[in-house]
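Novice: Pasting work.txt here (compact mmCIF, C-alpha atoms):
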# COMPACT_ATOMS: atom_id res chain seq x y z
CA MET E 1 -42.16 29.78 -17.65
CA SER E 2 -42.42 33.05 -15.71
CA ASP E 3 -42.85 32.82 -11.97
CA GLU E 4 -46.19 34.51 -11.33
CA ARG E 5 -46.04 33.75 -7.62
CA THR E 6 -43.29 36.38 -7.26
CA MET E 7 -45.83 38.98 -8.37
CA ASN E 8 -48.36 37.92 -5.75
CA THR E 9 -46.72 39.89 -2.92
CA PRO E 10 -48.55 42.14 -0.42
CA GLU E 11 -48.37 45.14 -2.76
CA HIS E 12 -49.68 43.16 -5.73
CA SER E 13 -53.03 41.60 -6.47
CA LEU E 14 -53.52 38.15 -7.95
CA THR E 15 -51.84 37.62 -11.33
CA ILE E 16 -52.92 34.73 -13.57
CA ALA E 17 -51.76 34.23 -17.15
CA GLY E 18 -50.28 37.70 -17.20
CA LYS E 19 -53.44 39.52 -16.08
CA THR E 20 -53.78 41.12 -12.65
CA TYR E 21 -56.92 41.06 -10.53
CA ARG E 22 -57.74 43.00 -7.38
CA SER E 23 -59.72 40.14 -5.83
CA ARG E 24 -58.26 36.80 -4.79
CA LEU E 25 -61.74 35.29 -4.51
CA LEU E 26 -63.13 33.41 -7.52
CA VAL E 27 -66.75 32.29 -7.50
CA GLY E 28 -69.00 29.93 -9.40
CA THR E 29 -72.37 30.67 -10.95
CA GLY E 30 -74.36 27.49 -10.27
CA LYS E 31 -76.95 26.61 -7.62
CA TYR E 32 -78.41 30.10 -7.15
CA ARG E 33 -82.14 30.77 -7.17
CA ASP E 34 -81.92 32.87 -10.35
CA PHE E 35 -79.57 35.14 -12.26
CA ASP E 36 -80.56 38.16 -10.15
CA GLN E 37 -79.42 36.42 -6.98
CA THR E 38 -76.28 35.24 -8.76
CA ARG E 39 -75.38 38.80 -9.70
CA ALA E 40 -76.12 40.20 -6.24
CA ALA E 41 -74.01 37.57 -4.47
CA ILE E 42 -71.10 38.01 -6.87
CA ASP E 43 -71.21 41.78 -6.50
CA ALA E 44 -71.08 41.36 -2.72
CA SER E 45 -68.11 39.00 -3.02
CA GLY E 46 -66.07 41.43 -5.08
CA ALA E 47 -64.98 38.56 -7.36
CA GLU E 48 -63.72 39.44 -10.82
CA ILE E 49 -63.19 35.91 -12.18
CA ILE E 50 -66.45 34.00 -12.56
CA THR E 51 -66.43 30.31 -13.40
CA VAL E 52 -69.16 28.87 -15.61
CA ALA E 53 -69.98 25.21 -16.25
CA ILE E 54 -70.31 25.05 -20.04
CA ARG E 55 -72.37 21.85 -19.84
CA ARG E 56 -74.86 23.26 -17.34
CA VAL E 57 -75.16 27.03 -17.83
CA ASN E 58 -76.19 28.81 -20.99
CA ILE E 59 -73.71 31.41 -22.26
CA GLY E 60 -75.02 31.35 -25.79
CA GLN E 61 -75.33 27.66 -26.62
CA ASN E 62 -79.13 27.86 -26.48
CA SER E 63 -80.62 31.00 -27.99
CA SER E 64 -84.07 30.19 -26.57
CA GLU E 65 -82.90 30.19 -22.92
CA PRO E 66 -81.81 33.05 -20.64
CA ASN E 67 -78.13 33.83 -21.12
CA LEU E 68 -75.96 34.17 -18.01
CA LEU E 69 -73.79 36.72 -19.81
CA ASP E 70 -76.72 39.15 -19.80
CA ALA E 71 -76.43 39.22 -15.99
CA LEU E 72 -72.63 38.90 -15.87
CA PRO E 73 -71.30 40.56 -19.03
CA VAL E 74 -67.76 39.95 -20.23
CA SER E 75 -67.18 43.71 -20.10
CA GLU E 76 -67.35 43.53 -16.30
CA PHE E 77 -66.05 40.04 -15.43
CA THR E 78 -63.48 37.54 -16.59
CA ILE E 79 -65.51 34.46 -17.50
CA LEU E 80 -63.76 31.20 -16.65
CA PRO E 81 -65.39 28.33 -18.59
CA ASN E 82 -65.03 25.00 -16.80
CA THR E 83 -65.56 21.35 -17.59
CA ALA E 84 -67.79 20.36 -14.67
CA GLY E 85 -69.52 17.10 -15.54
CA CYS E 86 -66.72 15.75 -17.73
CA PHE E 87 -65.27 12.32 -16.90
CA THR E 88 -62.77 11.88 -19.74
CA ALA E 89 -59.98 13.99 -21.18
CA GLU E 90 -61.68 13.89 -24.58
CA ASP E 91 -64.94 15.34 -23.24
CA ALA E 92 -63.10 18.03 -21.29
CA VAL E 93 -61.09 19.16 -24.31
CA ARG E 94 -64.18 19.23 -26.52
CA THR E 95 -66.11 21.25 -23.93
CA LEU E 96 -63.41 23.89 -23.55
CA ARG E 97 -63.02 24.25 -27.29
CA LEU E 98 -66.75 25.00 -27.42
CA GLY E 99 -66.33 27.50 -24.59
CA ARG E 100 -63.54 29.26 -26.46
CA GLU E 101 -65.78 29.63 -29.51
CA LEU E 102 -68.65 31.00 -27.43
CA LEU E 103 -66.33 33.53 -25.78
CA ASP E 104 -64.67 34.72 -29.00
CA GLY E 105 -61.32 33.04 -28.57
CA HIS E 106 -60.98 33.50 -24.80
CA SER E 107 -58.09 31.23 -23.75
CA LEU E 108 -58.37 31.18 -19.93
CA CYS E 109 -60.19 28.08 -18.71
CA LYS E 110 -60.67 25.81 -15.73
CA LEU E 111 -60.04 22.12 -16.35
CA GLU E 112 -61.65 19.48 -14.19
CA VAL E 113 -61.95 15.82 -15.12
CA LEU E 114 -63.92 13.87 -12.55
CA GLY E 115 -63.34 10.26 -11.60
CA ASP E 116 -66.50 9.39 -9.70
CA PRO E 117 -70.03 10.86 -9.94
CA THR E 118 -70.62 10.42 -6.21
CA ASN E 119 -67.56 12.03 -4.62
CA LEU E 120 -66.50 14.15 -7.64
CA PHE E 121 -62.84 13.45 -6.90
CA PRO E 122 -60.56 14.29 -9.83
CA ASN E 123 -59.38 11.62 -12.23
CA MET E 124 -55.73 12.60 -12.30
CA PRO E 125 -54.50 10.48 -15.25
CA GLU E 126 -57.24 11.96 -17.45
CA THR E 127 -56.63 15.43 -16.01
CA LEU E 128 -52.93 15.27 -16.91
CA LYS E 129 -53.78 14.02 -20.41
CA ALA E 130 -56.32 16.80 -21.00
CA ALA E 131 -54.00 19.47 -19.60
CA GLU E 132 -51.24 18.51 -22.01
CA THR E 133 -53.61 18.68 -24.99
CA LEU E 134 -55.11 22.02 -23.95
CA VAL E 135 -51.78 23.72 -23.27
CA LYS E 136 -50.53 22.64 -26.70
CA ASP E 137 -53.78 24.01 -28.16
CA GLY E 138 -53.09 27.48 -26.73
CA PHE E 139 -55.30 27.45 -23.64
CA ASP E 140 -54.31 29.09 -20.35
CA VAL E 141 -55.28 26.22 -18.07
CA MET E 142 -56.25 26.56 -14.43
CA VAL E 143 -56.62 23.00 -13.21
CA TYR E 144 -58.65 21.33 -10.45
CA CYS E 145 -56.57 18.54 -8.98
CA ALA E 146 -56.00 16.24 -6.04
CA ASP E 147 -53.97 17.60 -3.14
CA ASP E 148 -51.01 15.57 -4.36
CA PRO E 149 -47.76 17.59 -4.46
CA ILE E 150 -46.20 15.37 -7.13
CA GLN E 151 -49.10 15.57 -9.56
CA ALA E 152 -49.58 19.29 -8.89
CA LYS E 153 -45.96 19.83 -9.93
CA MET E 154 -46.49 17.70 -13.03
CA LEU E 155 -49.40 19.94 -14.04
CA GLU E 156 -47.26 23.03 -13.53
CA GLU E 157 -44.49 21.53 -15.65
CA ILE E 158 -46.98 20.76 -18.43
CA GLY E 159 -47.67 24.50 -18.54
CA CYS E 160 -50.82 25.08 -16.50
CA VAL E 161 -51.08 28.70 -15.33
CA ALA E 162 -52.53 27.78 -11.91
CA VAL E 163 -53.05 24.61 -9.90
CA MET E 164 -56.21 24.26 -7.84
CA PRO E 165 -56.08 21.44 -5.30
CA LEU E 166 -59.27 20.53 -3.50
CA ALA E 167 -59.56 21.36 0.20
CA SER E 168 -62.14 18.60 0.53
CA LEU E 169 -64.85 17.11 -1.69
CA ILE E 170 -66.79 19.43 -4.00
CA GLY E 171 -69.88 20.80 -2.27
CA SER E 172 -69.05 19.09 1.03
CA GLY E 173 -68.38 22.22 3.09
CA MET E 174 -65.87 20.19 5.14
CA GLY E 175 -63.15 22.82 4.91
CA ILE E 176 -59.45 22.04 4.65
CA VAL E 177 -58.92 18.43 5.67
CA ASN E 178 -55.22 18.14 4.79
CA PRO E 179 -53.38 21.45 5.31
CA TRP E 180 -50.01 19.70 5.20
CA ASN E 181 -50.41 18.58 1.59
CA LEU E 182 -51.54 22.06 0.61
CA ARG E 183 -48.40 23.54 2.19
CA LEU E 184 -46.23 21.10 0.25
CA ILE E 185 -47.91 22.16 -2.99
CA ILE E 186 -47.63 25.86 -2.14
CA ASP E 187 -43.98 25.65 -1.11
CA ASN E 188 -42.99 23.95 -4.38
CA ALA E 189 -45.13 25.92 -6.84
CA LYS E 190 -44.01 28.67 -9.19
CA VAL E 191 -47.54 29.33 -10.42
CA PRO E 192 -50.50 30.50 -8.34
CA VAL E 193 -52.09 27.89 -6.05
CA LEU E 194 -55.80 28.30 -5.36
CA VAL E 195 -57.94 26.13 -3.12
CA ASP E 196 -60.83 24.75 -5.14
CA ALA E 197 -63.71 22.83 -3.53
CA GLY E 198 -64.69 22.09 0.04
CA VAL E 199 -64.90 25.57 1.56
CA GLY E 200 -67.97 25.82 3.77
CA THR E 201 -67.71 29.10 5.62
CA ALA E 202 -65.59 32.20 5.97
CA SER E 203 -63.08 30.71 8.40
CA ASP E 204 -62.22 27.97 5.85
CA ALA E 205 -61.33 30.64 3.29
CA THR E 206 -59.23 32.51 5.82
CA ILE E 207 -57.29 29.37 6.75
CA ALA E 208 -56.56 28.67 3.09
CA MET E 209 -55.14 32.15 2.66
CA GLU E 210 -53.18 31.97 5.92
CA LEU E 211 -51.54 28.79 4.63
CA GLY E 212 -50.20 30.81 1.71
CA CYS E 213 -52.71 30.04 -1.04
CA ASP E 214 -52.88 32.72 -3.71
CA GLY E 215 -56.65 32.58 -3.89
CA VAL E 216 -59.81 30.59 -3.24
CA LEU E 217 -62.52 29.40 -5.62
CA MET E 218 -65.95 28.54 -4.26
CA ASN E 219 -69.58 28.15 -5.29
CA THR E 220 -71.74 26.09 -2.95
CA ALA E 221 -70.56 27.86 0.22
CA ILE E 222 -72.10 31.08 -1.07
CA ALA E 223 -75.00 29.79 -3.17
CA HIS E 224 -76.31 27.41 -0.49
CA ALA E 225 -75.99 29.81 2.43
CA ARG E 226 -79.27 31.00 3.95
CA ASN E 227 -78.33 34.47 2.72
CA PRO E 228 -76.03 34.12 -0.31
CA VAL E 229 -75.48 37.86 -0.68
CA LEU E 230 -74.38 38.25 2.93
CA MET E 231 -72.16 35.17 2.65
CA GLY E 232 -70.57 36.60 -0.48
CA SER E 233 -69.66 39.68 1.53
CA ALA E 234 -68.30 37.52 4.38
CA MET E 235 -66.13 35.53 1.97
CA LYS E 236 -64.66 38.70 0.52
CA LYS E 237 -63.56 39.84 3.97
CA ALA E 238 -62.33 36.36 4.91
CA VAL E 239 -60.02 36.10 1.91
CA GLU E 240 -58.69 39.60 2.46
CA ALA E 241 -58.07 38.99 6.17
CA GLY E 242 -56.35 35.67 5.54
CA ARG E 243 -54.06 37.21 2.93
CA GLU E 244 -53.14 40.10 5.23
CA ALA E 245 -52.40 37.70 8.10
CA PHE E 246 -50.18 35.56 5.85
CA CYS E 247 -48.25 38.61 4.64
CA ALA E 248 -47.94 39.96 8.19
CA GLY E 249 -46.44 36.71 9.45
CA ARG E 250 -48.06 35.10 12.47
CA MET E 251 -46.32 34.87 15.84
CA ALA E 252 -44.49 31.66 16.61
CA ARG E 253 -46.44 28.98 18.45
CA LYS E 254 -45.08 28.29 21.94
CA TYR E 255 -46.34 24.99 23.24
CA TYR E 256 -44.44 24.79 26.50
CA SER E 257 -44.19 28.36 27.79
CA ALA E 258 -46.30 31.46 28.14
CA ASP E 259 -45.35 35.00 27.15
CA PRO E 260 -47.21 37.71 29.11
CA SER E 261 -48.78 40.47 27.06
CA SER E 262 -47.91 43.05 29.72
CA PRO E 263 -44.35 44.13 30.66
CA THR E 264 -42.69 42.04 33.38
CA VAL E 265 -40.24 44.76 34.52
CA GLY E 266 -41.00 47.85 36.53
CA LEU E 267 -43.97 46.27 38.33
CA ILE E 268 -45.44 48.15 41.29
CA GLY E 269 -43.91 46.87 44.52
CA SER E 270 -40.94 45.21 42.83
Can you present the structure in this file as structure tokens?

Specialist:
Amino acid sequence: MSDERTMNTPEHSLTIAGKTYRSRLLVGTGKYRDFDQTRAAIDASGAEIITVAIRRVNIGQNSSEPNLLDALPVSEFTILPNTAGCFTAEDAVRTLRLGRELLDGHSLCKLEVLGDPTNLFPNMPETLKAAETLVKDGFDVMVYCADDPIQAKMLEEIGCVAVMPLASLIGSGMGIVNPWNLRLIIDNAKVPVLVDAGVGTASDATIAMELGCDGVLMNTAIAHARNPVLMGSAMKKAVEAGREAFCAGRMARKYYSADPSSPTVGLIGS
């Protein structure tokens, strides 16, 4: 397996499954008022990869309903079909095979297999099972997972092209509740690591990037903001700032001593 994290250096954009993107922000398409608002918010975010819940959004399954791809055409965006709403490996695999047909053989997908309808936490045994089937079937799998370093590594070893641990529960807006686990995943990964779920505001996205994540995926934080278009713009800047800060390398924390900003030699009167 090639190490795509080595390509995600300051002078490179995000590379997933051999394709390079300028933006490290991925956004969802649910929960907006209408397709016009969806398009405006995504344009403001600068996102190039757009995730679509095959079970909930029409991308051609229903000819009598508005088609999201009319607002977000595949000529302008990379569509990332996902398995939101699936609770078994079998359902997830079936859903992504349908998505591949609808998108003319498109292999990039986002796998999520949920374990509980209330907290939407991932069912990791079913996720691992589905990932293995999909990779063997030729899919490039980006996978939503628990912030468990061991299972994240197992997904990478199966052949997933990106691992996407949750920052906190889907739609919760709680931000990053366990940065230490994320760092363990990041430090051991050879594929891109993207925070998926839990981001509530721009500072959450910045923290994720400062930790060393390769990107951030979000939906509710933008769609449920009072002004989704403005929040999309804020998230774009937050991800960019966090990445720049990570690449710059922050100063060391000094818990027991101060370091004056001004020179301490050559003072007047000394």

Novice: Using all atoms listed in the file, which of the listed residues (E:Ala89, E:Ala248, E:Val141, E:Ala47) sits closest to Gly159 of chain E?

Specialist: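 Of all the options, E:Val141 lies closest to Gly159 of chain E.
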
Novice: Report, in Å to a single decimal, how far apart atom CA of Leu230 of chain E and atom CA of Pro165 of chain E are.

Specialist: 26.2 Å

Novice: Please, what distance in Å, to one decimal, runs between atom CA of Asn219 of chain E and atom CA of Asp196 of chain E?

Specialist: 9.4 Å

Novice: What lies within 9 Å of segment 242-244 of chain E using only C-alpha atoms, ignoring chain neighbours under 2 positions off, as a PyMOL selection string?

Specialist: chain E and resi 10+24+203+205-215+237-240+246-249

Novice: Any idea what's packed within 12 Å of Phe121 of chain E, counting all atoms listed in the file, ignoring anything in its chain fewer than 3 positions away? Could you give it as a PyMOL selection string?

Specialist: chain E and resi 84-87+112-118+124+127+144-147+165-172+196-198

Novice: With all atoms listed in the file as the basis for distance, which of E:Pro149, E:Pro192, E:Pro81, E:Gly200 is at the shortest distance from Val52 of chain E?

Specialist: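 Smallest separation from Val52 of chain E among the options: E:Pro81.
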
Novice: Closest to Ala17 of chain E among E:Ile176, E:Glu132, E:Lys153, E:Glu4, using only C-alpha atoms?

Specialist: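 So, comparing all the options, the nearest one is E:Glu4.
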
Novice: For the atom pair atom CA of Pro125 of chain E and atom CA of Ile54 of chain E, what is the interatomic distance in Å to one decimal place?

Specialist: 22.0 Å

Novice: With all atoms listed in the file as the atoms that count, which of E:Ile59, E:Leu14, E:Ala202, E:Leu98 lies nearest to Met231 of chain E?

Specialist: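 The shortest atom-to-atom distance to Met231 of chain E comes from E:Ala202.
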
Novice: Show me, as number ranges by chain, the residues that have an atom within 8 Å of Cys160 of chain E when counting all atoms listed in the file, minus same-chain residues fewer than 4 positions from it.

Specialist: E: 131, 135, 140-143, 155-156

Novice: Excluding Glu76 of chain E and residues on its chain fewer than 4 positions from it, collect all residues at most 12 Å away from it, counting all atoms listed in the file, and give them as a list in words.

Specialist: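 These residues fall inside the cut-off: Arg39, Ile42, Asp43, Gly46, Ala47, Glu48, Ile49, Ile50, Leu69, Asp70, Ala71 and Leu72 of chain E.
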
Novice: Any chance you can output those residues with C-alpha atoms as a short mmCIF file (atom, residue, chain, number, x, y, z; two decimals), in the coordinates of the input?

Specialist:
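This went into part.cif:
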data_model
loop_
_atom_site.label_atom_id
_atom_site.label_comp_id
_atom_site.auth_asym_id
_atom_site.auth_seq_id
_atom_site.Cartn_x
_atom_site.Cartn_y
_atom_site.Cartn_z
CA ARG E 39 -75.38 38.80 -9.70
CA ILE E 42 -71.10 38.01 -6.87
CA ASP E 43 -71.21 41.78 -6.50
CA GLY E 46 -66.07 41.43 -5.08
CA ALA E 47 -64.98 38.56 -7.36
CA GLU E 48 -63.72 39.44 -10.82
CA ILE E 49 -63.19 35.91 -12.18
CA ILE E 50 -66.45 34.00 -12.56
CA LEU E 69 -73.79 36.72 -19.81
CA ASP E 70 -76.72 39.15 -19.80
CA ALA E 71 -76.43 39.22 -15.99
CA LEU E 72 -72.63 38.90 -15.87
#

Novice: Go through E:Met164, E:Val93, E:Leu25, E:Ala53 one by one, measure the shortest atom-to-atom distance of each to Gly232 of chain E using only C-alpha atoms, and give the residue with the smallest value.

Specialist: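 Closest to Gly232 of chain E of all the choices is E:Leu25.
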
Novice: Once 3 Å is added on each side, what centre and edge lengths in Å to one decimal does the axis-aligned box around all listed atoms of segment 145-149 of chain E have, as lines of an AutoDock Vina configuration file?

Specialist:
center_x = -52.2
center_y = 17.1
center_z = -6.1
size_x = 14.8
size_y = 9.0
size_z = 11.8

Novice: Regenerate segment 162-179 of chain E at the level of N, CA, C and O atoms and dump it as a PDB file, in the coordinates of the input.

Specialist:
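To be explicit, this is the file written out as part32.pdb:
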ATOM      1  N   ALA E 162     -52.195  27.832 -13.337  1.00  0.00           N
ATOM      2  CA  ALA E 162     -52.530  27.780 -11.910  1.00  0.00           C
ATOM      3  C   ALA E 162     -52.952  26.356 -11.577  1.00  0.00           C
ATOM      4  O   ALA E 162     -53.587  25.684 -12.395  1.00  0.00           O
ATOM      5  N   VAL E 163     -52.574  25.908 -10.387  1.00  0.00           N
ATOM      6  CA  VAL E 163     -53.050  24.610  -9.900  1.00  0.00           C
ATOM      7  C   VAL E 163     -54.032  24.858  -8.776  1.00  0.00           C
ATOM      8  O   VAL E 163     -53.866  25.771  -7.963  1.00  0.00           O
ATOM      9  N   MET E 164     -55.086  24.016  -8.736  1.00  0.00           N
ATOM     10  CA  MET E 164     -56.210  24.260  -7.840  1.00  0.00           C
ATOM     11  C   MET E 164     -56.579  22.987  -7.087  1.00  0.00           C
ATOM     12  O   MET E 164     -57.543  22.295  -7.411  1.00  0.00           O
ATOM     13  N   PRO E 165     -55.782  22.651  -6.066  1.00  0.00           N
ATOM     14  CA  PRO E 165     -56.080  21.440  -5.300  1.00  0.00           C
ATOM     15  C   PRO E 165     -57.344  21.595  -4.463  1.00  0.00           C
ATOM     16  O   PRO E 165     -57.651  22.688  -3.972  1.00  0.00           O
ATOM     17  N   LEU E 166     -58.067  20.491  -4.321  1.00  0.00           N
ATOM     18  CA  LEU E 166     -59.270  20.530  -3.500  1.00  0.00           C
ATOM     19  C   LEU E 166     -58.900  20.607  -2.029  1.00  0.00           C
ATOM     20  O   LEU E 166     -57.897  20.032  -1.588  1.00  0.00           O
ATOM     21  N   ALA E 167     -59.700  21.337  -1.259  1.00  0.00           N
ATOM     22  CA  ALA E 167     -59.560  21.360   0.200  1.00  0.00           C
ATOM     23  C   ALA E 167     -60.250  20.154   0.798  1.00  0.00           C
ATOM     24  O   ALA E 167     -59.787  19.557   1.772  1.00  0.00           O
ATOM     25  N   SER E 168     -61.378  19.809   0.220  1.00  0.00           N
ATOM     26  CA  SER E 168     -62.140  18.600   0.530  1.00  0.00           C
ATOM     27  C   SER E 168     -63.120  18.423  -0.629  1.00  0.00           C
ATOM     28  O   SER E 168     -63.070  19.167  -1.608  1.00  0.00           O
ATOM     29  N   LEU E 169     -64.004  17.446  -0.547  1.00  0.00           N
ATOM     30  CA  LEU E 169     -64.850  17.110  -1.690  1.00  0.00           C
ATOM     31  C   LEU E 169     -65.733  18.287  -2.123  1.00  0.00           C
ATOM     32  O   LEU E 169     -66.199  19.074  -1.296  1.00  0.00           O
ATOM     33  N   ILE E 170     -65.958  18.374  -3.424  1.00  0.00           N
ATOM     34  CA  ILE E 170     -66.790  19.430  -4.000  1.00  0.00           C
ATOM     35  C   ILE E 170     -68.159  19.447  -3.316  1.00  0.00           C
ATOM     36  O   ILE E 170     -68.832  18.422  -3.202  1.00  0.00           O
ATOM     37  N   GLY E 171     -68.557  20.629  -2.870  1.00  0.00           N
ATOM     38  CA  GLY E 171     -69.880  20.800  -2.270  1.00  0.00           C
ATOM     39  C   GLY E 171     -70.025  20.241  -0.883  1.00  0.00           C
ATOM     40  O   GLY E 171     -71.118  20.284  -0.313  1.00  0.00           O
ATOM     41  N   SER E 172     -68.938  19.729  -0.283  1.00  0.00           N
ATOM     42  CA  SER E 172     -69.050  19.090   1.030  1.00  0.00           C
ATOM     43  C   SER E 172     -69.079  20.087   2.181  1.00  0.00           C
ATOM     44  O   SER E 172     -69.628  19.807   3.243  1.00  0.00           O
ATOM     45  N   GLY E 173     -68.459  21.242   2.004  1.00  0.00           N
ATOM     46  CA  GLY E 173     -68.380  22.220   3.090  1.00  0.00           C
ATOM     47  C   GLY E 173     -67.533  21.751   4.259  1.00  0.00           C
ATOM     48  O   GLY E 173     -67.635  22.299   5.367  1.00  0.00           O
ATOM     49  N   MET E 174     -66.667  20.762   4.050  1.00  0.00           N
ATOM     50  CA  MET E 174     -65.870  20.190   5.140  1.00  0.00           C
ATOM     51  C   MET E 174     -64.637  21.022   5.469  1.00  0.00           C
ATOM     52  O   MET E 174     -63.957  20.766   6.462  1.00  0.00           O
ATOM     53  N   GLY E 175     -64.324  22.001   4.650  1.00  0.00           N
ATOM     54  CA  GLY E 175     -63.150  22.820   4.910  1.00  0.00           C
ATOM     55  C   GLY E 175     -61.869  22.108   4.501  1.00  0.00           C
ATOM     56  O   GLY E 175     -61.888  21.152   3.726  1.00  0.00           O
ATOM     57  N   ILE E 176     -60.754  22.572   5.032  1.00  0.00           N
ATOM     58  CA  ILE E 176     -59.450  22.040   4.650  1.00  0.00           C
ATOM     59  C   ILE E 176     -59.123  20.833   5.517  1.00  0.00           C
ATOM     60  O   ILE E 176     -58.859  20.959   6.712  1.00  0.00           O
ATOM     61  N   VAL E 177     -59.131  19.662   4.910  1.00  0.00           N
ATOM     62  CA  VAL E 177     -58.920  18.430   5.670  1.00  0.00           C
ATOM     63  C   VAL E 177     -57.463  17.990   5.699  1.00  0.00           C
ATOM     64  O   VAL E 177     -57.088  17.176   6.525  1.00  0.00           O
ATOM     65  N   ASN E 178     -56.638  18.527   4.795  1.00  0.00           N
ATOM     66  CA  ASN E 178     -55.220  18.140   4.790  1.00  0.00           C
ATOM     67  C   ASN E 178     -54.356  19.373   4.510  1.00  0.00           C
ATOM     68  O   ASN E 178     -53.838  19.542   3.410  1.00  0.00           O
ATOM     69  N   PRO E 179     -54.169  20.235   5.530  1.00  0.00           N
ATOM     70  CA  PRO E 179     -53.380  21.450   5.310  1.00  0.00           C
ATOM     71  C   PRO E 179     -51.920  21.159   4.986  1.00  0.00           C
ATOM     72  O   PRO E 179     -51.261  21.955   4.319  1.00  0.00           O
TER      73      PRO E 179
END
